[in-house]
>>> print(open('data-v4.cif').read())   # mmCIF, N, CA and C atoms and all ligand atoms
data_coords
loop_
_atom_site.label_atom_id
_atom_site.label_comp_id
_atom_site.auth_asym_id
_atom_site.auth_seq_id
_atom_site.Cartn_x
_atom_site.Cartn_y
_atom_site.Cartn_z
N MET A 183 14.05 -2.65 0.25
CA MET A 183 13.90 -4.05 -0.16
C MET A 183 12.42 -4.39 -0.30
N MET A 184 12.16 -5.41 -1.09
CA MET A 184 10.80 -5.89 -1.28
C MET A 184 10.29 -6.46 0.03
N THR A 185 9.03 -6.18 0.32
CA THR A 185 8.45 -6.69 1.55
C THR A 185 7.95 -8.12 1.40
N THR A 186 7.70 -8.53 0.17
CA THR A 186 7.27 -9.90 -0.09
C THR A 186 8.14 -10.46 -1.20
N ASN A 187 8.07 -11.75 -1.36
CA ASN A 187 8.88 -12.38 -2.38
C ASN A 187 8.04 -13.36 -3.18
N PHE A 188 7.31 -12.82 -4.15
CA PHE A 188 6.50 -13.66 -5.01
C PHE A 188 7.17 -13.83 -6.38
N ARG A 189 8.44 -13.53 -6.47
CA ARG A 189 9.13 -13.59 -7.75
C ARG A 189 9.64 -14.99 -8.03
N LEU A 190 9.62 -15.33 -9.33
CA LEU A 190 10.21 -16.59 -9.76
C LEU A 190 11.71 -16.39 -9.88
N THR A 191 12.45 -17.44 -9.66
CA THR A 191 13.88 -17.39 -9.87
C THR A 191 14.12 -17.42 -11.38
N CYS A 192 14.97 -16.53 -11.86
CA CYS A 192 15.23 -16.49 -13.30
C CYS A 192 16.73 -16.41 -13.55
N ALA A 193 17.06 -16.39 -14.82
CA ALA A 193 18.48 -16.38 -15.19
C ALA A 193 19.17 -15.08 -14.81
N ASP A 194 18.43 -13.96 -14.86
CA ASP A 194 19.04 -12.68 -14.51
C ASP A 194 19.04 -12.50 -13.00
N PRO A 195 20.21 -12.40 -12.41
CA PRO A 195 20.24 -12.18 -10.96
C PRO A 195 19.53 -10.88 -10.59
N VAL A 196 18.74 -10.94 -9.54
CA VAL A 196 18.00 -9.77 -9.08
C VAL A 196 18.94 -8.63 -8.75
N GLU A 197 20.16 -8.95 -8.34
CA GLU A 197 21.11 -7.91 -7.96
C GLU A 197 21.44 -6.99 -9.13
N LYS A 198 21.28 -7.46 -10.36
CA LYS A 198 21.59 -6.64 -11.53
C LYS A 198 20.49 -5.62 -11.81
N GLN A 199 19.31 -5.82 -11.26
CA GLN A 199 18.18 -4.98 -11.57
C GLN A 199 18.13 -3.78 -10.62
N GLN A 200 17.62 -2.65 -11.14
CA GLN A 200 17.57 -1.43 -10.34
C GLN A 200 16.25 -1.34 -9.59
N PRO A 201 16.27 -1.41 -8.26
CA PRO A 201 15.03 -1.27 -7.51
C PRO A 201 14.50 0.16 -7.59
N VAL A 202 13.19 0.28 -7.73
CA VAL A 202 12.54 1.59 -7.77
C VAL A 202 11.29 1.54 -6.90
N SER A 203 10.88 2.71 -6.45
CA SER A 203 9.66 2.83 -5.66
C SER A 203 8.52 3.29 -6.53
N PHE A 204 7.32 2.84 -6.23
CA PHE A 204 6.11 3.31 -6.93
C PHE A 204 4.95 3.16 -5.96
N THR A 205 3.79 3.68 -6.36
CA THR A 205 2.63 3.53 -5.50
C THR A 205 1.49 2.87 -6.26
N PHE A 206 0.67 2.14 -5.53
CA PHE A 206 -0.56 1.56 -6.07
C PHE A 206 -1.67 1.90 -5.08
N ASN A 207 -2.63 2.69 -5.55
CA ASN A 207 -3.73 3.15 -4.69
C ASN A 207 -3.20 3.74 -3.39
N GLY A 208 -2.12 4.48 -3.51
CA GLY A 208 -1.55 5.17 -2.37
C GLY A 208 -0.60 4.34 -1.52
N GLN A 209 -0.49 3.05 -1.83
CA GLN A 209 0.39 2.16 -1.07
C GLN A 209 1.79 2.20 -1.68
N HIS A 210 2.79 2.45 -0.88
CA HIS A 210 4.17 2.51 -1.36
C HIS A 210 4.72 1.10 -1.54
N LEU A 211 5.22 0.84 -2.75
CA LEU A 211 5.73 -0.49 -3.10
C LEU A 211 7.07 -0.34 -3.79
N GLU A 212 7.74 -1.48 -3.96
CA GLU A 212 8.99 -1.48 -4.71
C GLU A 212 8.94 -2.52 -5.81
N GLY A 213 9.61 -2.19 -6.89
CA GLY A 213 9.74 -3.11 -8.01
C GLY A 213 11.09 -2.87 -8.66
N TYR A 214 11.23 -3.31 -9.89
CA TYR A 214 12.47 -3.13 -10.61
C TYR A 214 12.22 -2.32 -11.87
N ALA A 215 13.07 -1.37 -12.13
CA ALA A 215 12.94 -0.52 -13.31
C ALA A 215 12.87 -1.37 -14.57
N GLY A 216 11.89 -1.07 -15.40
CA GLY A 216 11.75 -1.75 -16.67
C GLY A 216 10.86 -2.97 -16.68
N GLU A 217 10.58 -3.51 -15.53
CA GLU A 217 9.69 -4.67 -15.54
C GLU A 217 8.25 -4.16 -15.72
N PRO A 218 7.35 -4.96 -16.29
CA PRO A 218 5.98 -4.51 -16.44
C PRO A 218 5.37 -4.18 -15.08
N ILE A 219 4.56 -3.13 -15.06
CA ILE A 219 3.91 -2.74 -13.81
C ILE A 219 3.14 -3.91 -13.22
N ALA A 220 2.45 -4.67 -14.06
CA ALA A 220 1.67 -5.81 -13.57
C ALA A 220 2.56 -6.82 -12.86
N VAL A 221 3.77 -7.01 -13.36
CA VAL A 221 4.71 -7.93 -12.72
C VAL A 221 5.11 -7.41 -11.34
N ALA A 222 5.37 -6.11 -11.26
CA ALA A 222 5.73 -5.51 -9.98
C ALA A 222 4.58 -5.65 -8.98
N LEU A 223 3.34 -5.48 -9.47
CA LEU A 223 2.19 -5.64 -8.56
C LEU A 223 2.09 -7.08 -8.09
N LEU A 224 2.21 -8.02 -9.00
CA LEU A 224 2.14 -9.44 -8.61
C LEU A 224 3.25 -9.79 -7.63
N ALA A 225 4.44 -9.26 -7.88
CA ALA A 225 5.57 -9.54 -6.98
C ALA A 225 5.34 -9.00 -5.58
N ASN A 226 4.47 -8.01 -5.48
CA ASN A 226 4.10 -7.45 -4.17
C ASN A 226 2.83 -8.10 -3.62
N GLY A 227 2.36 -9.14 -4.27
CA GLY A 227 1.20 -9.87 -3.78
C GLY A 227 -0.14 -9.27 -4.18
N ILE A 228 -0.12 -8.33 -5.13
CA ILE A 228 -1.36 -7.67 -5.55
C ILE A 228 -1.86 -8.31 -6.84
N LYS A 229 -3.00 -8.96 -6.78
CA LYS A 229 -3.57 -9.62 -7.96
C LYS A 229 -4.74 -8.83 -8.53
N THR A 230 -5.43 -8.08 -7.69
CA THR A 230 -6.57 -7.29 -8.16
C THR A 230 -6.10 -5.88 -8.51
N ILE A 231 -6.18 -5.56 -9.81
CA ILE A 231 -5.73 -4.24 -10.27
C ILE A 231 -6.92 -3.29 -10.36
N ARG A 232 -8.07 -3.82 -10.68
CA ARG A 232 -9.29 -3.02 -10.76
C ARG A 232 -10.46 -3.96 -10.48
N THR A 233 -11.66 -3.40 -10.48
CA THR A 233 -12.86 -4.23 -10.40
C THR A 233 -13.70 -4.00 -11.64
N CYS A 234 -14.46 -5.02 -12.01
CA CYS A 234 -15.32 -4.94 -13.18
C CYS A 234 -16.39 -3.88 -12.96
N GLU A 235 -16.57 -3.01 -13.96
CA GLU A 235 -17.52 -1.92 -13.84
C GLU A 235 -18.96 -2.40 -13.79
N VAL A 236 -19.23 -3.61 -14.23
CA VAL A 236 -20.60 -4.13 -14.25
C VAL A 236 -20.86 -5.03 -13.04
N THR A 237 -19.94 -5.95 -12.79
CA THR A 237 -20.19 -6.95 -11.74
C THR A 237 -19.45 -6.65 -10.44
N ALA A 238 -18.50 -5.74 -10.49
CA ALA A 238 -17.64 -5.41 -9.34
C ALA A 238 -16.72 -6.57 -8.94
N GLN A 239 -16.58 -7.54 -9.81
CA GLN A 239 -15.65 -8.63 -9.52
C GLN A 239 -14.21 -8.17 -9.76
N PRO A 240 -13.27 -8.77 -9.04
CA PRO A 240 -11.87 -8.37 -9.20
C PRO A 240 -11.32 -8.71 -10.58
N ARG A 241 -10.47 -7.83 -11.08
CA ARG A 241 -9.81 -8.04 -12.36
C ARG A 241 -8.32 -7.80 -12.19
N GLY A 242 -7.53 -8.52 -12.97
CA GLY A 242 -6.08 -8.37 -12.92
C GLY A 242 -5.47 -8.94 -14.18
N VAL A 243 -4.29 -9.47 -14.06
CA VAL A 243 -3.60 -10.02 -15.22
C VAL A 243 -4.34 -11.27 -15.69
N TYR A 244 -4.66 -11.30 -16.99
CA TYR A 244 -5.31 -12.47 -17.58
C TYR A 244 -4.45 -13.04 -18.70
N CYS A 245 -4.25 -12.25 -19.75
CA CYS A 245 -3.44 -12.75 -20.87
C CYS A 245 -1.95 -12.46 -20.68
N GLY A 246 -1.66 -11.32 -20.11
CA GLY A 246 -0.27 -10.94 -19.89
C GLY A 246 0.46 -10.49 -21.15
N ILE A 247 -0.26 -10.36 -22.27
CA ILE A 247 0.39 -9.97 -23.52
C ILE A 247 -0.34 -8.83 -24.23
N GLY A 248 -1.18 -8.10 -23.52
CA GLY A 248 -1.78 -6.91 -24.10
C GLY A 248 -3.06 -7.10 -24.88
N HIS A 249 -3.66 -8.26 -24.84
CA HIS A 249 -4.86 -8.51 -25.64
C HIS A 249 -6.17 -8.31 -24.90
N CYS A 250 -6.24 -8.64 -23.63
CA CYS A 250 -7.54 -8.71 -22.95
C CYS A 250 -7.96 -7.40 -22.26
N TYR A 251 -7.06 -6.55 -21.97
CA TYR A 251 -7.31 -5.27 -21.29
C TYR A 251 -7.82 -5.44 -19.85
N GLU A 252 -7.69 -6.60 -19.29
CA GLU A 252 -8.16 -6.81 -17.91
C GLU A 252 -7.25 -6.13 -16.89
N CYS A 253 -6.03 -5.83 -17.26
CA CYS A 253 -5.05 -5.27 -16.33
C CYS A 253 -5.02 -3.75 -16.35
N ARG A 254 -6.03 -3.13 -16.95
CA ARG A 254 -6.03 -1.67 -17.08
C ARG A 254 -5.99 -0.97 -15.73
N ALA A 255 -5.28 0.16 -15.72
CA ALA A 255 -5.21 1.01 -14.52
C ALA A 255 -4.92 2.43 -14.97
N GLU A 256 -5.01 3.33 -14.03
CA GLU A 256 -4.55 4.69 -14.28
C GLU A 256 -3.09 4.76 -13.88
N VAL A 257 -2.25 5.18 -14.82
CA VAL A 257 -0.81 5.24 -14.57
C VAL A 257 -0.34 6.68 -14.81
N ASP A 258 0.15 7.29 -13.78
CA ASP A 258 0.61 8.69 -13.85
C ASP A 258 -0.44 9.59 -14.50
N GLY A 259 -1.70 9.37 -14.11
CA GLY A 259 -2.79 10.22 -14.56
C GLY A 259 -3.40 9.84 -15.89
N VAL A 260 -2.90 8.80 -16.53
CA VAL A 260 -3.43 8.36 -17.82
C VAL A 260 -4.29 7.12 -17.58
N SER A 261 -5.56 7.20 -18.00
CA SER A 261 -6.49 6.08 -17.78
C SER A 261 -6.30 4.99 -18.82
N HIS A 262 -6.75 3.81 -18.48
CA HIS A 262 -6.80 2.66 -19.39
C HIS A 262 -5.43 2.23 -19.90
N VAL A 263 -4.45 2.26 -19.05
CA VAL A 263 -3.11 1.81 -19.40
C VAL A 263 -3.02 0.33 -19.09
N ARG A 264 -2.55 -0.44 -20.05
CA ARG A 264 -2.38 -1.88 -19.82
C ARG A 264 -1.09 -2.10 -19.03
N THR A 265 -1.25 -2.50 -17.80
CA THR A 265 -0.09 -2.61 -16.92
C THR A 265 0.83 -3.77 -17.29
N CYS A 266 0.30 -4.72 -18.05
CA CYS A 266 1.17 -5.85 -18.44
C CYS A 266 2.16 -5.44 -19.52
N LEU A 267 1.91 -4.31 -20.18
CA LEU A 267 2.79 -3.85 -21.27
C LEU A 267 3.61 -2.63 -20.89
N THR A 268 3.31 -2.04 -19.75
CA THR A 268 3.92 -0.75 -19.42
C THR A 268 5.07 -0.93 -18.44
N PRO A 269 6.27 -0.51 -18.85
CA PRO A 269 7.43 -0.65 -17.97
C PRO A 269 7.32 0.23 -16.73
N LEU A 270 7.78 -0.30 -15.63
CA LEU A 270 7.80 0.44 -14.37
C LEU A 270 8.96 1.42 -14.36
N ARG A 271 8.67 2.62 -13.87
CA ARG A 271 9.69 3.63 -13.66
C ARG A 271 9.62 4.08 -12.21
N GLY A 272 10.68 4.61 -11.70
CA GLY A 272 10.67 5.12 -10.35
C GLY A 272 9.68 6.26 -10.20
N GLY A 273 8.89 6.24 -9.13
CA GLY A 273 7.94 7.30 -8.86
C GLY A 273 6.61 7.16 -9.57
N THR A 274 6.43 6.08 -10.31
CA THR A 274 5.16 5.86 -11.02
C THR A 274 4.02 5.75 -10.01
N THR A 275 2.90 6.39 -10.36
CA THR A 275 1.69 6.31 -9.55
C THR A 275 0.67 5.48 -10.30
N VAL A 276 0.24 4.39 -9.70
CA VAL A 276 -0.73 3.49 -10.31
C VAL A 276 -1.98 3.49 -9.44
N SER A 277 -3.14 3.62 -10.11
CA SER A 277 -4.41 3.61 -9.38
C SER A 277 -5.40 2.72 -10.10
N SER A 278 -6.25 2.06 -9.32
CA SER A 278 -7.34 1.31 -9.91
C SER A 278 -8.26 2.28 -10.62
N LEU A 279 -8.85 1.87 -11.73
CA LEU A 279 -9.77 2.73 -12.45
C LEU A 279 -11.04 2.91 -11.65
N SER A 280 -11.53 4.14 -11.62
CA SER A 280 -12.82 4.40 -11.00
C SER A 280 -13.91 4.17 -12.03
N SER A 281 -15.12 3.93 -11.57
CA SER A 281 -16.20 3.63 -12.50
C SER A 281 -16.45 4.79 -13.46
N TRP A 282 -16.22 6.04 -13.02
CA TRP A 282 -16.46 7.17 -13.91
C TRP A 282 -15.43 7.22 -15.03
N GLN A 283 -14.31 6.52 -14.87
CA GLN A 283 -13.28 6.52 -15.90
C GLN A 283 -13.55 5.48 -16.98
N ILE A 284 -14.53 4.61 -16.75
CA ILE A 284 -14.79 3.51 -17.65
C ILE A 284 -16.00 3.84 -18.51
N GLU A 285 -15.76 3.95 -19.79
CA GLU A 285 -16.82 4.31 -20.73
C GLU A 285 -17.97 3.32 -20.62
N GLY A 286 -19.18 3.83 -20.49
CA GLY A 286 -20.35 2.97 -20.44
C GLY A 286 -20.67 2.44 -19.07
N ALA A 287 -19.92 2.80 -18.07
CA ALA A 287 -20.19 2.29 -16.73
C ALA A 287 -21.58 2.69 -16.28
N GLY A 288 -22.29 1.77 -15.71
CA GLY A 288 -23.62 2.06 -15.18
C GLY A 288 -24.72 1.90 -16.20
N ARG A 289 -24.36 1.58 -17.45
CA ARG A 289 -25.39 1.39 -18.48
C ARG A 289 -25.84 -0.06 -18.51
S1 LIG B 301 -3.32 -8.87 -18.91
FE1 LIG B 301 -4.36 -8.87 -20.80
S2 LIG B 301 -3.94 -6.87 -21.58
FE2 LIG B 301 -2.81 -6.95 -19.74
#
>>> encode(input="data-v4.cif", output="structure tokens")
Amino acid sequence: MMTTNFRLTCADPVEKQQPVSFTFNGQHLEGYAGEPIAVALLANGIKTIRTCEVTAQPRGVYCGIGHCYECRAEVDGVSHVRTCLTPLRGGTTVSSLSSWQIEGAGR
């Protein structure tokens, strides 16, 4: 079961959705299959997905529709994945981007 409840009540009963496990920075979490990874993170109380490579300020969901790239993370070994557009699957590994993964970091 989810350890926190930051979900909005919606028309689809939660009971119809398939719970799956995933990790974020090594932390074991639960979400629902098919929901955007960013939604699963928010539902677990996680708002900071990465930090800005220049200012080190926290970054997370901003537009929620794939335009701003603020929600980027490494997903199953692939860098720069927009978590607001990527469906969650069971066993998915999500990690904050490291500065070496960000083109131009340190310039
Ligand atoms: S929140 Fe803007 S691209 Fe994901």
>>> residues_near_ligand(input="data-v4.cif", ligand="ligand LIG 301 (chain B)", cutoff="7 Å", atoms="all atoms listed in the file", output="PyMOL selection string")
chain A and resi 242-254+264-267
>>> select_by_dssp(input="data-v4.cif", residues="chain A", states="helix (DSSP H, G or I)", output="list in words")
Val196, Glu197, Lys198, Ile219, Ala220, Val221, Ala222, Leu223, Leu224, Ala225, Ser281, Trp282 and Gln283 of chain A
>>> closest_residue(input="data-v4.cif", among="A:Phe204, A:Arg241, A:Thr191, A:Glu235", to="Ile219 of chain A", atoms="only C-alpha atoms")
A:Phe204
>>> residues_near_point(input="data-v4.cif", point="(-2.1, 1.7, -13.8)", cutoff="5 Å", atoms="all atoms listed in the file", output="compact mmCIF listing (two decimals) with N, CA and C atoms, in the frame of the given file")
# COMPACT_ATOMS: atom_id res chain seq x y z
N ALA A 255 -5.28 0.16 -15.72
CA ALA A 255 -5.21 1.01 -14.52
C ALA A 255 -4.92 2.43 -14.97
N GLU A 256 -5.01 3.33 -14.03
CA GLU A 256 -4.55 4.69 -14.28
C GLU A 256 -3.09 4.76 -13.88
N VAL A 257 -2.25 5.18 -14.82
CA VAL A 257 -0.81 5.24 -14.57
C VAL A 257 -0.34 6.68 -14.81
N VAL A 276 0.24 4.39 -9.70
CA VAL A 276 -0.73 3.49 -10.31
C VAL A 276 -1.98 3.49 -9.44
N SER A 277 -3.14 3.62 -10.11
CA SER A 277 -4.41 3.61 -9.38
C SER A 277 -5.40 2.72 -10.10
>>> closest_residue(input="data-v4.cif", among="A:Ala225, A:Ala238, A:Ala220, A:Ile231", to="Pro269 of chain A", atoms="all atoms listed in the file")
A:Ala220
>>> atom_distance(input="data-v4.cif", atom1="atom N of Glu212 of chain A", atom2="atom C of Arg189 of chain A")
14.2 Å
>>> residues_around(input="data-v4.cif", residues="Leu270 of chain A", least_positions_apart="3", cutoff="9 Å", atoms="only C-alpha atoms", output="ChimeraX atom specification")
/A:202,204,213-220,222,265,273-274
>>> atom_distance(input="data-v4.cif", atom1="atom N of Gly272 of chain A", atom2="atom N of Gln199 of chain A")
13.5 Å
>>> atom_distance(input="data-v4.cif", atom1="atom CA of Arg232 of chain A", atom2="atom CA of Ser278 of chain A")
4.8 Å
>>> select_by_dssp(input="data-v4.cif", residues="segment 226-275 of chain A", states="strand (DSSP E)", output="JSON, numbers by chain")
{"A": [232, 233, 240, 241, 254, 255, 256, 257, 260, 261, 262, 263, 264, 275]}
